[in-house]
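Text of final_23.txt (compact mmCIF, C-alpha atoms) as supplied:
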# COMPACT_ATOMS: atom_id res chain seq x y z
CA MET A 1 4.49 15.25 -24.58
CA GLU A 2 5.30 14.14 -21.01
CA LYS A 3 7.25 10.91 -20.80
CA GLU A 4 5.41 8.04 -19.14
CA ILE A 5 6.88 6.98 -15.79
CA ARG A 6 7.57 3.29 -15.22
CA LEU A 7 9.00 1.96 -11.97
CA SER A 8 10.47 -1.50 -11.49
CA PHE A 9 9.01 -3.63 -8.71
CA PHE A 10 11.94 -3.32 -6.31
CA ARG A 11 12.41 0.41 -7.05
CA ARG A 12 8.77 1.03 -6.22
CA MET A 13 9.09 -1.09 -3.08
CA LYS A 14 12.10 0.96 -1.93
CA MET A 15 10.33 4.22 -2.82
CA SER A 16 7.17 3.11 -0.97
CA ILE A 17 9.11 2.49 2.24
CA PHE A 18 11.73 5.25 2.33
CA ASP A 19 10.75 8.09 -0.03
CA PHE A 20 7.63 9.91 1.14
CA ASP A 21 8.54 12.89 -1.04
CA LYS A 22 8.35 10.73 -4.18
CA TYR A 23 4.84 9.40 -3.67
CA HIS A 24 3.65 11.79 -6.39
CA ILE A 25 5.63 9.66 -8.86
CA ILE A 26 3.87 6.55 -7.57
CA ALA A 27 0.48 8.25 -7.93
CA SER A 28 1.26 9.17 -11.55
CA GLU A 29 1.91 5.54 -12.57
CA GLY A 30 -1.77 4.69 -12.76
CA LEU A 31 -4.12 2.18 -11.18
CA GLY A 32 -3.21 -0.69 -13.54
CA ARG A 33 0.47 -0.63 -12.61
CA ALA A 34 -0.46 -0.27 -8.94
CA MET A 35 -2.56 -3.46 -9.11
CA MET A 36 0.31 -5.32 -10.80
CA TYR A 37 2.59 -4.15 -8.01
CA LEU A 38 0.10 -5.44 -5.40
CA ILE A 39 -0.11 -8.83 -7.13
CA LYS A 40 3.69 -9.13 -7.26
CA LEU A 41 3.96 -8.05 -3.62
CA MET A 42 1.46 -10.70 -2.53
CA LEU A 43 3.17 -13.34 -4.68
CA LEU A 44 6.47 -12.51 -3.00
CA PHE A 45 4.79 -12.63 0.40
CA ALA A 46 3.19 -16.01 -0.37
CA LEU A 47 6.50 -17.37 -1.69
CA VAL A 48 8.42 -16.36 1.44
CA MET A 49 5.72 -17.66 3.78
CA SER A 50 5.41 -20.95 1.86
CA ALA A 51 9.18 -21.48 1.93
CA ALA A 52 9.27 -20.83 5.69
CA SER A 53 6.27 -23.11 6.21
CA ILE A 54 7.90 -25.94 4.26
CA ILE A 55 11.07 -25.63 6.34
CA LYS A 56 8.96 -25.88 9.47
CA VAL A 57 6.87 -28.77 8.10
CA SER A 58 10.05 -30.60 7.14
CA GLN A 59 11.37 -30.22 10.69
CA LEU A 60 8.08 -31.41 12.16
CA LEU A 61 7.98 -34.31 9.72
CA ASP A 62 11.45 -35.46 10.73
CA GLN A 63 10.53 -35.18 14.41
CA GLY A 64 7.27 -37.04 13.82
CA ILE A 65 8.92 -39.88 11.94
CA GLU A 66 11.56 -40.21 14.64
CA TYR A 67 8.90 -40.29 17.35
CA PHE A 68 6.75 -42.69 15.31
CA SER A 69 9.64 -45.10 14.77
CA SER A 70 10.64 -45.10 18.43
CA ASN A 71 7.32 -45.05 20.28
CA VAL A 72 4.67 -46.67 18.08
CA PRO A 73 4.50 -50.48 17.93
CA ASN A 74 4.09 -52.28 14.67
CA PHE A 75 0.63 -52.50 13.13
CA TYR A 76 -0.90 -53.86 9.96
CA PHE A 77 -4.20 -54.74 8.27
CA GLU A 78 -5.37 -58.31 7.81
CA ASN A 79 -8.72 -59.53 6.49
CA ASN A 80 -10.08 -55.98 6.64
CA GLU A 81 -9.16 -55.71 10.31
CA PHE A 82 -6.67 -53.52 12.11
CA VAL A 83 -4.04 -55.34 14.14
CA LEU A 84 -1.80 -53.60 16.71
CA ASP A 85 1.17 -55.41 18.23
CA SER A 86 0.41 -54.04 21.66
CA GLU A 87 -1.84 -55.02 24.53
CA THR A 88 -2.54 -51.37 25.40
CA ASP A 89 -3.94 -48.56 23.32
CA VAL A 90 -1.54 -46.11 21.72
CA THR A 91 -2.30 -42.39 21.52
CA ILE A 92 -0.31 -39.89 19.42
CA GLU A 93 -1.21 -36.34 20.37
CA ASN A 94 0.12 -32.87 19.48
CA HIS A 95 -0.81 -29.33 20.57
CA GLU A 96 2.20 -27.25 19.54
CA TYR A 97 1.11 -26.01 16.09
CA THR A 98 -2.17 -27.78 15.47
CA ASP A 99 -4.33 -29.93 17.69
CA PHE A 100 -4.61 -33.53 16.53
CA LYS A 101 -4.90 -36.96 18.12
CA ILE A 102 -4.40 -40.41 16.60
CA ILE A 103 -5.66 -43.42 18.53
CA LEU A 104 -4.59 -47.02 17.81
CA THR A 105 -6.45 -49.87 19.54
CA ASN A 106 -7.30 -53.54 19.12
CA SER A 107 -10.75 -52.97 20.60
CA GLU A 108 -13.76 -53.16 18.35
CA THR A 109 -15.16 -49.91 19.77
CA TYR A 110 -13.85 -46.71 21.28
CA SER A 111 -15.52 -44.11 23.48
CA GLU A 112 -17.12 -41.55 21.21
CA ASP A 113 -17.54 -39.15 24.14
CA GLU A 114 -13.75 -39.09 24.59
CA ILE A 115 -13.35 -38.32 20.88
CA ARG A 116 -15.86 -35.48 21.06
CA ASP A 117 -14.20 -33.96 24.11
CA PHE A 118 -11.04 -33.28 22.10
CA ASP A 119 -11.32 -30.00 20.17
CA GLY A 120 -8.79 -30.84 17.47
CA LEU A 121 -8.68 -33.38 14.63
CA THR A 122 -9.16 -36.94 15.92
CA VAL A 123 -8.64 -40.25 14.11
CA ALA A 124 -9.27 -43.54 15.92
CA PHE A 125 -8.28 -46.87 14.35
CA THR A 126 -10.28 -49.66 16.00
CA LYS A 127 -10.36 -53.32 15.03
CA LYS A 128 -13.08 -53.00 12.39
CA HIS A 129 -13.67 -49.26 11.91
CA VAL A 130 -11.93 -45.94 11.56
CA LEU A 131 -13.54 -42.97 13.31
CA LEU A 132 -12.89 -39.39 12.21
CA LYS A 133 -13.82 -36.09 13.88
CA GLN A 134 -12.90 -32.76 12.31
CA GLN A 135 -11.47 -29.88 14.31
CA ASN A 136 -14.02 -27.76 16.20
CA SER A 137 -16.75 -30.27 15.43
CA THR A 138 -18.74 -32.83 17.40
CA SER A 139 -19.91 -35.10 14.57
CA ILE A 140 -18.04 -38.36 14.09
CA THR A 141 -17.73 -40.16 10.75
CA THR A 142 -17.39 -43.94 10.89
CA GLN A 143 -16.17 -46.12 8.03
CA THR A 144 -15.32 -49.83 7.82
CA TYR A 145 -12.00 -51.11 6.49
CA GLU A 146 -13.88 -53.11 3.92
CA GLU A 147 -15.23 -49.86 2.45
CA LEU A 148 -11.77 -48.28 2.51
CA GLY A 149 -10.33 -51.38 0.84
CA ASN A 150 -12.28 -50.53 -2.32
CA THR A 151 -10.07 -47.45 -2.87
CA ILE A 152 -6.88 -48.26 -0.91
CA ASP A 153 -4.88 -51.46 -0.68
CA LEU A 154 -4.81 -51.78 3.10
CA ASN A 155 -2.68 -54.92 3.03
CA GLU A 156 0.36 -52.80 2.11
CA ILE A 157 -0.05 -50.37 5.01
CA ASN A 158 1.99 -51.03 8.14
CA LYS A 159 4.48 -49.23 10.33
CA ASP A 160 7.42 -49.60 7.91
CA TYR A 161 5.26 -48.40 5.02
CA ILE A 162 4.38 -45.18 6.89
CA VAL A 163 8.01 -44.57 7.87
CA ASN A 164 9.25 -45.06 4.30
CA MET A 165 6.47 -42.85 2.90
CA PHE A 166 7.44 -39.83 4.97
CA SER A 167 11.21 -40.17 4.80
CA GLY A 168 13.85 -40.13 2.06
CA GLU A 169 12.95 -39.16 -1.50
CA ASN A 170 9.27 -39.80 -0.95
CA SER A 171 9.15 -36.91 1.50
CA TYR A 172 10.17 -34.47 -1.25
CA ASN A 173 7.02 -35.21 -3.23
CA ILE A 174 4.91 -34.72 -0.12
CA LEU A 175 6.66 -31.43 0.71
CA ALA A 176 6.24 -30.23 -2.89
CA ASN A 177 2.51 -30.87 -2.74
CA ILE A 178 2.26 -29.17 0.65
CA PHE A 179 4.23 -26.18 -0.71
CA ALA A 180 1.83 -25.79 -3.65
CA VAL A 181 -1.21 -25.91 -1.36
CA ILE A 182 0.27 -23.42 1.11
CA PHE A 183 1.43 -21.05 -1.66
CA ILE A 184 -1.96 -20.91 -3.41
CA SER A 185 -3.99 -20.62 -0.22
CA THR A 186 -1.66 -17.96 1.26
CA PHE A 187 -1.69 -15.85 -1.90
CA LEU A 188 -5.48 -15.93 -2.30
CA THR A 189 -6.14 -15.24 1.38
CA TYR A 190 -3.72 -12.35 1.78
CA PHE A 191 -4.43 -10.85 -1.65
CA LEU A 192 -8.15 -10.57 -0.86
CA THR A 193 -7.27 -9.19 2.59
CA ALA A 194 -4.96 -6.61 0.97
CA ILE A 195 -7.73 -5.53 -1.42
CA LEU A 196 -10.07 -4.87 1.52
CA ASP A 197 -7.35 -3.08 3.50
CA THR A 198 -6.40 -0.80 0.60
CA ILE A 199 -10.04 0.08 -0.08
CA ALA A 200 -10.50 1.15 3.54
CA LEU A 201 -7.17 3.01 3.44
CA SER A 202 -8.00 4.82 0.20
CA LEU A 203 -11.34 5.98 1.62
CA LEU A 204 -9.49 7.51 4.56
CA GLY A 205 -7.06 9.11 2.11
CA PHE A 206 -9.98 10.54 0.15
CA ILE A 207 -11.35 12.21 3.28
CA VAL A 208 -7.94 13.55 4.31
CA SER A 209 -7.21 14.88 0.82
CA ARG A 210 -10.44 16.86 0.86
CA LEU A 211 -9.71 18.23 4.32
CA ILE A 212 -6.28 19.49 3.24
CA ARG A 213 -7.69 20.67 -0.11
CA ILE A 214 -5.73 18.47 -2.49
CA PRO A 215 -8.13 17.32 -5.26
CA PHE A 216 -6.76 13.82 -5.78
CA LYS A 217 -8.62 11.36 -7.96
CA TYR A 218 -9.67 8.15 -6.22
CA GLY A 219 -7.50 6.02 -8.53
CA ALA A 220 -4.38 7.94 -7.47
CA LEU A 221 -5.34 7.58 -3.80
CA TYR A 222 -5.84 3.83 -4.23
CA SER A 223 -2.42 3.59 -5.87
CA LEU A 224 -0.89 5.44 -2.91
CA SER A 225 -2.74 3.11 -0.51
CA ILE A 226 -1.17 0.07 -2.15
CA SER A 227 2.28 1.56 -1.66
CA ALA A 228 1.43 2.51 1.93
CA ILE A 229 0.84 -1.14 2.92
CA THR A 230 4.25 -2.25 1.60
CA LEU A 231 6.08 -1.92 4.91
CA PRO A 232 3.24 -3.46 6.95
CA VAL A 233 3.19 -6.48 4.61
CA ILE A 234 6.94 -6.96 5.03
CA LEU A 235 6.70 -6.59 8.81
CA ASN A 236 3.79 -9.04 8.85
CA ALA A 237 5.87 -11.64 6.98
CA ILE A 238 8.76 -11.19 9.41
CA TYR A 239 6.44 -11.46 12.40
CA LEU A 240 4.72 -14.61 11.12
CA ILE A 241 8.04 -16.32 10.41
CA VAL A 242 9.41 -15.42 13.85
CA ASN A 243 6.19 -16.61 15.45
CA MET A 244 6.32 -19.83 13.43
CA PHE A 245 9.81 -20.79 14.61
CA THR A 246 9.90 -19.27 18.11
CA GLY A 247 6.29 -18.84 19.22
CA PHE A 248 6.93 -15.14 19.90
CA VAL A 249 3.67 -13.17 20.02
CA ILE A 250 3.12 -9.39 19.68
CA PRO A 251 -0.24 -8.35 21.17
CA TYR A 252 -2.41 -6.18 18.91
CA PHE A 253 -0.04 -6.62 15.98
CA GLN A 254 -2.93 -6.25 13.50
CA ILE A 255 -3.75 -2.81 14.94
CA MET A 256 -0.12 -1.75 14.56
CA TYR A 257 -0.16 -3.12 11.00
CA THR A 258 -3.12 -0.89 10.14
CA LEU A 259 -1.76 2.20 11.92
CA ILE A 260 1.54 2.05 10.02
CA ALA A 261 -0.31 2.07 6.69
CA TYR A 262 -2.49 5.01 7.80
CA VAL A 263 0.55 7.00 8.97
CA TYR A 264 2.36 6.36 5.67
CA LEU A 265 -0.58 7.53 3.56
CA ILE A 266 -1.37 10.64 5.62
CA ALA A 267 2.31 11.62 5.82
CA ALA A 268 2.65 11.27 2.04
CA LEU A 269 -0.42 13.45 1.44
CA LEU A 270 0.82 16.16 3.82
CA ILE A 271 4.26 16.17 2.20
CA MET A 272 2.72 16.48 -1.26
CA ARG A 273 0.55 19.36 -0.01
CA SER A 274 3.65 21.10 1.33
CA GLU A 275 5.45 20.58 -1.98
CA ILE A 276 2.49 22.02 -3.91
CA ILE A 277 2.49 25.14 -1.69
CA LYS A 278 6.25 25.54 -2.14
CA LYS A 279 5.93 25.29 -5.91
CA LYS A 280 3.17 27.92 -5.96
CA VAL A 281 5.29 30.31 -3.89
CA GLN A 282 8.32 29.63 -6.06
CA ILE A 283 6.33 30.33 -9.21
CA GLN A 284 5.11 33.64 -7.75
CA ILE A 285 8.67 34.61 -6.79
CA GLU A 286 9.92 33.76 -10.28
CA ILE A 287 7.19 35.91 -11.80
CA MET A 288 8.09 38.78 -9.48
CA ASN A 289 11.80 38.41 -10.22
CA LYS A 290 11.09 38.33 -13.91
CA ASN A 291 9.04 41.52 -13.74
CA TYR A 292 11.52 43.31 -11.45
CA ASN A 293 14.53 44.57 -13.47
CA PRO A 294 16.40 47.46 -11.75
CA GLU A 295 18.07 48.76 -14.93
CA GLU A 296 14.84 48.61 -16.84
CA LEU A 297 12.99 50.41 -14.06
CA GLN A 298 15.75 53.08 -13.87
CA ASN A 299 15.60 53.64 -17.62
CA GLN A 300 11.83 53.82 -17.40
CA ASP A 301 12.10 56.46 -14.66
CA LYS A 302 14.52 58.53 -16.78
CA LYS A 303 12.23 58.22 -19.76
CA ASN A 304 9.25 59.30 -17.68
CA GLU A 305 11.27 62.24 -16.33
CA LYS A 306 12.26 63.36 -19.86
CA GLU A 307 8.68 63.08 -21.04
CA GLN A 308 7.57 65.11 -18.02
CA ASN A 309 10.18 67.82 -18.72
CA LYS A 310 9.20 67.86 -22.35
CA ASP A 311 5.57 68.25 -21.41
CA GLU A 312 6.46 71.12 -19.09
CA LYS A 313 8.47 72.88 -21.81
CA ASN A 314 5.68 72.42 -24.33
CA LYS A 315 3.22 73.79 -21.81
CA GLU A 316 5.49 76.79 -21.16
CA LYS A 317 5.76 77.46 -24.89
CA ASP A 318 2.03 77.24 -25.25
CA ASP A 319 1.59 79.66 -22.36
CA ASN A 320 4.05 82.12 -23.96
CA LYS A 321 2.32 81.88 -27.28
CA LYS A 322 -1.01 82.48 -25.63
CA LYS A 323 0.44 85.45 -23.77
CA GLU A 324 1.98 86.94 -26.91
CA GLY A 325 -1.28 86.43 -28.78
CA LYS A 326 -3.13 88.19 -26.01
CA ASP A 327 -0.71 91.19 -26.02
CA SER A 328 -0.93 91.59 -29.76
CA LYS A 329 -4.67 91.46 -29.53
CA ASN A 330 -4.70 94.18 -26.90
CA SER A 331 -2.40 96.39 -29.05
CA GLY A 332 -4.67 95.98 -32.03
CA THR A 333 -7.62 96.89 -29.92
CA GLU A 334 -5.97 100.14 -28.73
CA LEU A 335 -5.09 101.15 -32.28
CA LYS A 336 -8.58 100.53 -33.38
CA ASN A 337 -9.93 102.56 -30.51
CA ASN A 338 -7.61 105.47 -31.38
CA LYS A 339 -8.73 105.44 -35.00
CA ASP A 340 -12.36 105.35 -34.10
CA ASN A 341 -12.05 108.11 -31.47
CA PRO A 342 -10.08 111.21 -32.81
CA GLU A 343 -10.56 113.30 -29.63
CA PRO A 344 -7.57 112.00 -27.86
CA GLN A 345 -5.41 112.85 -30.86
CA ALA A 346 -6.82 116.40 -31.05
CA ASN A 347 -6.21 116.91 -27.41
CA ILE A 348 -2.67 115.79 -27.86
CA GLN A 349 -2.18 118.28 -30.73
CA GLU A 350 -3.66 121.11 -28.74
CA LYS A 351 -1.32 120.43 -25.92

Just dump the structure as structure tokens.
Amino acid sequence: MEKEIRLSFFRRMKMSIFDFDKYHIIASEGLGRAMMYLIKLMLLFALVMSAASIIKVSQLLDQGIEYFSSNVPNFYFENNEFVLDSETDVTIENHEYTDFKIILTNSETYSEDEIRDFDGLTVAFTKKHVLLKQQNSTSITTQTYEELGNTIDLNEINKDYIVNMFSGENSYNILANIFAVIFISTFLTYFLTAILDTIALSLLGFIVSRLIRIPFKYGALYSLSISAITLPVILNAIYLIVNMFTGFVIPYFQIMYTLIAYVYLIAALLIMRSEIIKKKVQIQIEIMNKNYNPEELQNQDKKNEKEQNKDEKNKEKDDNKKKEGKDSKNSGTELKNNKDNPEPQANIQEK
């Protein structure tokens, strides 16, 4: 009974990237193990991306708190009204990683047209209301501080409260919650994307396998497709992290991501086809070598020669016997003729 093959996660990852000639081992593991490998790969991807995102969020948070402490005047809530210690409006705006704008004003109203003109998230704190517009939207939600006071104690919220909330030990709890949200959302998003990518890739592999006349089952092809996207997933993680920290952009990276997976799968199929042909030729050579034995053939030739000589001798003996039988028959016939015909004998006596 053939021993079942089991590959560890990191061994399969290494084999998927560097060892095209061992893809037949990956295909023999089965679809269930391939799916477990895909889940682990996406979990690792989500973990790395979440860790990088938290580092970046932490940096942005520190920069934001520093800017907030230095540039935003004190504010507080009193009698369900917003109070800003400034005669002019204050606007906090960012476009580097996400578009958002926060507006602080002592006015009772604020221009809704100006809020709608901004494409990103907008929050405006006026004297009696808070206005909210979501990103890529034109609708504005308005809520009074009295309504918010039913769920939040606004009297505690001021500039120092915000600074303390996002700095020190309190920031760790916020970062932990952000990490959990990013990890879950990243895993689900990229896992579903990987499922769709591997389905498309396995369909291409099915067509190629039929063209090169390798009768692979679809489950084996899907398993190979999962391994074929290993390097693109790693490169995608590296690219996203570099882009996150430096802003470096590679045009058409998604196309390159797909092409690498296609090249890996097709190359693996062609290598396996070549190995199958080599094995068939080797088996034929072994059979020929097994059948070809010079000593045995020489002995067989000698044996055939002896049998041929023996047959010739036996034939010669048979011919001699036939000849002798024929001579004796002729002699008997002459004697019989002499007995039956006495004239020759009388003639002889007369002479």

Identify, on the basis of all atoms listed in the file, every residue whose closest approach to region 56-58 of chain A does not exceed 9 Å; exclude the query and any residue fewer than 2 positions from it along the same chain; express the result as a ChimeraX atom specification. /A:51-54,60-63,171,175,178,244-245

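The spacing separating CA of Ile26 (chain A) from CA of Ser227 (chain A) amounts to 7.9 Å.
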
Could you tell me how far CA of Leu224 (chain A) sits from CA of Phe206 (chain A), in Å to one decimal place? 10.9 Å

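For the pair CA of Phe75 (chain A) and CA of Asn158 (chain A), the separation is 5.4 Å.
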
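Here the question is which of A:Phe9, A:Ser167, A:Pro232, A:Val83 gets nearest to Gln59 (chain A) using all atoms listed in the file, and that residue is A:Ser167.
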
Closest of A:Met35, A:Ile140, A:Ile55, A:Ala268 to Ala194 (chain A), counting all atoms listed in the file, is A:Met35

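Restricting the calculation to all atoms listed in the file, the smallest distance between Asn236 (chain A) and any of A:Leu104, A:Tyr257, A:Pro251, A:Thr186 is found for A:Tyr257.
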
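Using all atoms listed in the file, the protein and nucleic acid residues lying no more than 10 Å from Tyr23 (chain A), apart from those fewer than 5 places from it along its own chain, are Arg12, Met15, Ser16, Ser28, Ser223, Leu224, Ser227, Ala228, Leu265, Ala268, Leu269, Ile271 and Met272 of chain A.
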
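Of the listed residues (A:Asp19, A:Asp89, A:Glu81, A:Glu307), A:Glu81 comes nearest to Asn155 (chain A); the distances count only C-alpha atoms.
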
Please list as JSON, numbers by chain every residue within 12 Å of Leu148 (chain A), counting all atoms listed in the file and excluding residues in the same chain fewer than 6 positions away. {"A": [77, 80, 81, 128, 129, 130, 142, 154, 155]}

Can you write out the residues you just picked, keeping C-alpha atoms, as an mmCIF file, keeping the file's coordinate frame?
data_model
loop_
_atom_site.group_PDB
_atom_site.id
_atom_site.type_symbol
_atom_site.label_atom_id
_atom_site.label_comp_id
_atom_site.auth_asym_id
_atom_site.auth_seq_id
_atom_site.Cartn_x
_atom_site.Cartn_y
_atom_site.Cartn_z
ATOM 1 C CA PHE A 77 -4.200 -54.740 8.270
ATOM 2 C CA ASN A 80 -10.080 -55.980 6.640
ATOM 3 C CA GLU A 81 -9.160 -55.710 10.310
ATOM 4 C CA LYS A 128 -13.080 -53.000 12.390
ATOM 5 C CA HIS A 129 -13.670 -49.260 11.910
ATOM 6 C CA VAL A 130 -11.930 -45.940 11.560
ATOM 7 C CA THR A 142 -17.390 -43.940 10.890
ATOM 8 C CA LEU A 154 -4.810 -51.780 3.100
ATOM 9 C CA ASN A 155 -2.680 -54.920 3.030
#
